[in-house]
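What follows is a single structure, written as structure tokens, with notes after it.
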Number of protein chains: 6
Amino acid sequence: MSDLQLVPGNSLRTATPEEGRQLAVKMARLVIKLTQPDDEKRRQQRAIYAENPMMLIAIGQTVAAEFATIAAANNYWRDRPDAN
Amino acid sequence: MSDLQLVPGNSLRTATPEEGRQLAVKMARLVIKLTQPDDEKRRQQRAIYAENPMMLIAIGQTVAAEFATIAAANNYWRDRPDAN
Amino acid sequence: MSDLQLVPGNSLRTATPEEGRQLAVKMARLVIKLTQPDDEKRRQQRAIYAENPMMLIAIGQTVAAEFATIAAANNYWRDRPDAN
Amino acid sequence: MSDLQLVPGNSLRTATPEEGRQLAVKMARLVIKLTQPDDEKRRQQRAIYAENPMMLIAIGQTVAAEFATIAAANNYWRDRPDAN
Amino acid sequence: MSDLQLVPGNSLRTATPEEGRQLAVKMARLVIKLTQPDDEKRRQQRAIYAENPMMLIAIGQTVAAEFATIAAANNYWRDRPDAN
Amino acid sequence: MSDLQLVPGNSLRTATPEEGRQLAVKMARLVIKLTQPDDEKRRQQRAIYAENPMMLIAIGQTVAAEFATIAAANNYWRDRPDAN
């Protein structure tokens with residue numbers, strides 16, 4: 001196992017849904033970094049993702065799955081004073 | 001991380017299931033926009049999705065996953081006065 | 001965003017599991033319609049799905065995901081007087 | 001929409017986990033039947049599934065998803081007198 | 001429907017997470033056996049899985065899905081005296 | 001079934017989200033090890049994953065699914081004294 005930190009801040013709690021979504025994207029990317037630690041290769045792969053419609057969809061599915069967990073962890077941000 | 005806002009309105013709450021579904025579609029699209037920020041390329045890719053049966057199905061799976069979270073966040077809209 | 005209504009009846013509540021399953025199928029199809037609004041093209045694509053074993057399986061996965069949300073929204077129809 | 005019944009018995013409740021699993025398999029198959037109503041073609045497709053490792057895995061994922069909903073609907077069969 | 005038993009022991013309850021994981025693997029395999037009942041063919045297919053990275057990943061996704069249900073059925077083994 | 005232990009420590013409980021994420025990665029890898037027990041072959045396959053964008057995404061989906069279960073098992077680490 002690498003020394004890479006996989007959960008930024010070691011917490012699933014975020015102040016807002018937007019921050020939760022950003023965390024979902026980061027956590028998805030960190031698993032890819034764990035498997036492919038070479039920064040230059042990941043940069044090249046990102047260019048491939050961006051041009052490939054099926055990969056773009058698959059990335060969307062990954063982020064949706066991570067976000068489902070983060071949203072549940074934050075009780076869907078229902079307790080925010082300004083939550084409508 | 002980009003400045004793109006990934007959760008429109010920074011809230012998962014919507015007044016109705018229909019609005020929740022529309023939000024699921026928007027959130028799915030915004031992750032794609034994050035990975036492929038070029039508007040013209042995304043326009044071209046949408047034409048590819050629309051002609052490709054497997055991609056259409058995969059988009060449906062993504063929207064279903066996003067909607068599952070949004071529906072839970074809204075307690076399935078059970079509290080609506082007109083919910084049957 | 002189109003004017004297409006994505007949640008028929010704007011409600012996830014149904015009287016029975018069977019109606020909930022039918023709603024899951026409709027909601028899955030409406031996302032495809034949103035991405036491919038041309039009726040004739042969708043008709044042609046349905047013929048492709050029907051002949052392609054992997055696509056048939058993938059459609060099944062989509063319906064399963066939609067149904068999971070609808071079933072939860074209806075508290076799994078536990079409150080039905082005739083639920084066994 | 002066809003007249004095909006998609007939820008056998010119009011109920012997600014089953015007496016045992018085994019019956020719940022059998023229901024999951026049936027519900028997965030009925031969605032395929034909805035999309036490909038021709039019995040002879042489905043028979044041919046089943047022969048294709050059986051020989052294709054990736055399709056076998058994908059069928060397993062579909063059944064797992066259907067079963068997750070059925071298991072939740074039955075409160076995981078915790079209330080059975082003989083549940084251990 | 002075959003006579004194959006799909007849920008070993010007809011119960012989702014296990015004493016430990018390890019046994020729950022083993023059950024997830026068994027349940028995933030039994031769905032494959034239902035679709036491909038020929039023992040020799042399944043033996044050959046296992047050799048194919050083992051050499052194919054994408055299939056190995058897909059098997060992992062199936063086991064993860066089965067395990068999610070089993071873990072919930074066991075209330076995540078929180079009630080074990082020695083659970084930490 | 002092999003003697004391979006599939007749940008390290010035979011527990012889903014971890015002190016922190018980071019440890020939970022590391023456990024998700026380990027559990028995902030152990031299922032692959034169960035199917036492909038040859039260490040040298042798995043080493044070669046890891047090199048394939050690392051170069052293949054679609055496989056990297058699929059690994060991310062597997063980890064997300066395992067983590068969802070582990071996070072729920074730990075009640076999303078809400079009880080940690082330092083949880084914000």
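Ligands are numbered from 1 in the order shown, chains are lettered A, B, ... in the order of the structure tokens, and residues start at 1 in each chain.
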Query raised in the report: Which residues, written as a PyMOL selection string, have at least one atom at most 9 Å from region 67-70 of chain A, with only C-alpha atoms counted and residues fewer than 6 positions away on the same chain left out?
Result: (chain A and resi 12-14+20-25+76) or (chain B and resi 65-66+68-70) or (chain F and resi 64+67-69+71-72+76)
Output N, CA and C atoms for every residue in the selection just made, as a tab-separated table (two decimals), in the first residue's frame.
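File produced: again-v4.tsv:
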chain	number	residue	atom	x	y	z
A	12	LEU	N	-15.30	12.65	5.62
A	12	LEU	CA	-16.31	12.70	4.56
A	12	LEU	C	-17.23	13.89	4.74
A	13	ARG	N	-17.09	14.61	5.84
A	13	ARG	CA	-17.99	15.73	6.12
A	13	ARG	C	-17.58	16.97	5.32
A	14	THR	N	-18.54	17.61	4.70
A	14	THR	CA	-18.28	18.87	4.01
A	14	THR	C	-19.39	19.85	4.38
A	20	GLY	N	-19.07	18.64	-1.22
A	20	GLY	CA	-19.17	17.18	-1.22
A	20	GLY	C	-18.91	16.61	-2.61
A	21	ARG	N	-19.44	17.29	-3.60
A	21	ARG	CA	-19.23	16.84	-4.99
A	21	ARG	C	-17.75	16.97	-5.39
A	22	GLN	N	-17.15	18.06	-4.96
A	22	GLN	CA	-15.72	18.25	-5.25
A	22	GLN	C	-14.90	17.14	-4.57
A	23	LEU	N	-15.29	16.79	-3.36
A	23	LEU	CA	-14.60	15.70	-2.66
A	23	LEU	C	-14.78	14.37	-3.40
A	24	ALA	N	-15.98	14.14	-3.93
A	24	ALA	CA	-16.22	12.91	-4.69
A	24	ALA	C	-15.28	12.82	-5.89
A	25	VAL	N	-15.12	13.94	-6.58
A	25	VAL	CA	-14.21	13.96	-7.74
A	25	VAL	C	-12.78	13.68	-7.28
A	76	TYR	N	-27.19	14.27	3.79
A	76	TYR	CA	-27.69	15.04	2.65
A	76	TYR	C	-27.74	16.54	2.94
B	65	ALA	N	-28.19	6.62	-11.09
B	65	ALA	CA	-27.36	6.68	-9.88
B	65	ALA	C	-27.43	8.06	-9.22
B	66	GLU	N	-27.35	9.10	-10.02
B	66	GLU	CA	-27.46	10.45	-9.44
B	66	GLU	C	-28.83	10.65	-8.82
B	68	ALA	N	-30.86	8.48	-7.57
B	68	ALA	CA	-31.03	7.72	-6.32
B	68	ALA	C	-30.60	8.58	-5.12
B	69	THR	N	-29.50	9.29	-5.27
B	69	THR	CA	-29.01	10.14	-4.18
B	69	THR	C	-29.93	11.33	-3.96
B	70	ILE	N	-30.35	11.96	-5.04
B	70	ILE	CA	-31.22	13.13	-4.93
B	70	ILE	C	-32.57	12.75	-4.34
F	64	ALA	N	-15.16	2.37	-5.07
F	64	ALA	CA	-16.29	3.18	-4.61
F	64	ALA	C	-17.37	2.29	-4.01
F	67	PHE	N	-16.19	0.83	-0.67
F	67	PHE	CA	-16.12	1.90	0.34
F	67	PHE	C	-17.51	2.27	0.83
F	68	ALA	N	-18.50	2.23	-0.06
F	68	ALA	CA	-19.87	2.56	0.36
F	68	ALA	C	-20.30	1.66	1.51
F	69	THR	N	-19.98	0.38	1.41
F	69	THR	CA	-20.35	-0.58	2.46
F	69	THR	C	-19.56	-0.31	3.74
F	71	ALA	N	-18.14	2.46	4.71
F	71	ALA	CA	-18.54	3.75	5.31
F	71	ALA	C	-19.85	3.57	6.09
F	72	ALA	N	-20.80	2.83	5.51
F	72	ALA	CA	-22.06	2.58	6.22
F	72	ALA	C	-21.79	1.77	7.49
F	76	TYR	N	-20.41	6.12	8.93
F	76	TYR	CA	-19.74	7.27	8.30
F	76	TYR	C	-18.79	7.99	9.24
**Report entry** For Arg42 (chain A): contacts at 10 Å, only C-alpha atoms, fewer than 2 positions along chain excluded, given as a VMD selection string
**Finding:** (chain A and resid 29 32 to 33 36 to 40 44 to 48) or (chain F and resid 50 to 51 53)
Query raised in the report: Which distance in Å separates CA of Ala58 (chain A) and CA of Pro8 (chain B), to one decimal?
Result: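 Interatomic distance here is 21.2 Å.
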Report task. For each of E:Val63, E:Ile57, E:Leu34, E:Val7, take the minimum atom-to-atom distance to chain D, counting only C-alpha atoms, then give the residue where this is smallest. Result ->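 Of E:Val63, E:Ile57, E:Leu34, E:Val7, the one nearest chain D, counting only C-alpha atoms, is E:Val7.
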Requested in this report: One decimal, Å: what's the distance from CA of Asp3 (chain F) over to CA of Gly60 (chain E), could you say?
Outcome: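 Separating CA of Asp3 (chain F) from CA of Gly60 (chain E) is a distance of 17.8 Å.
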Query raised in the report: Could you pull the residues within 7 Å of Leu6 (chain A), counting only C-alpha atoms, minus those fewer than 6 positions along the same chain, as number ranges by chain?
Result: A: 27, 30-31; F: 18, 21
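In this structure, CA of Thr35 (chain E) sits 28.4 Å away from CA of Thr62 (chain A).
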Report task. Could you tell me, as a PyMOL selection string, which residues of chain E DSSP assigns to helix (DSSP H, G or I) when given the backbone? Result -> chain E and resi 8-10+17-35+39-51+53-73+75-77
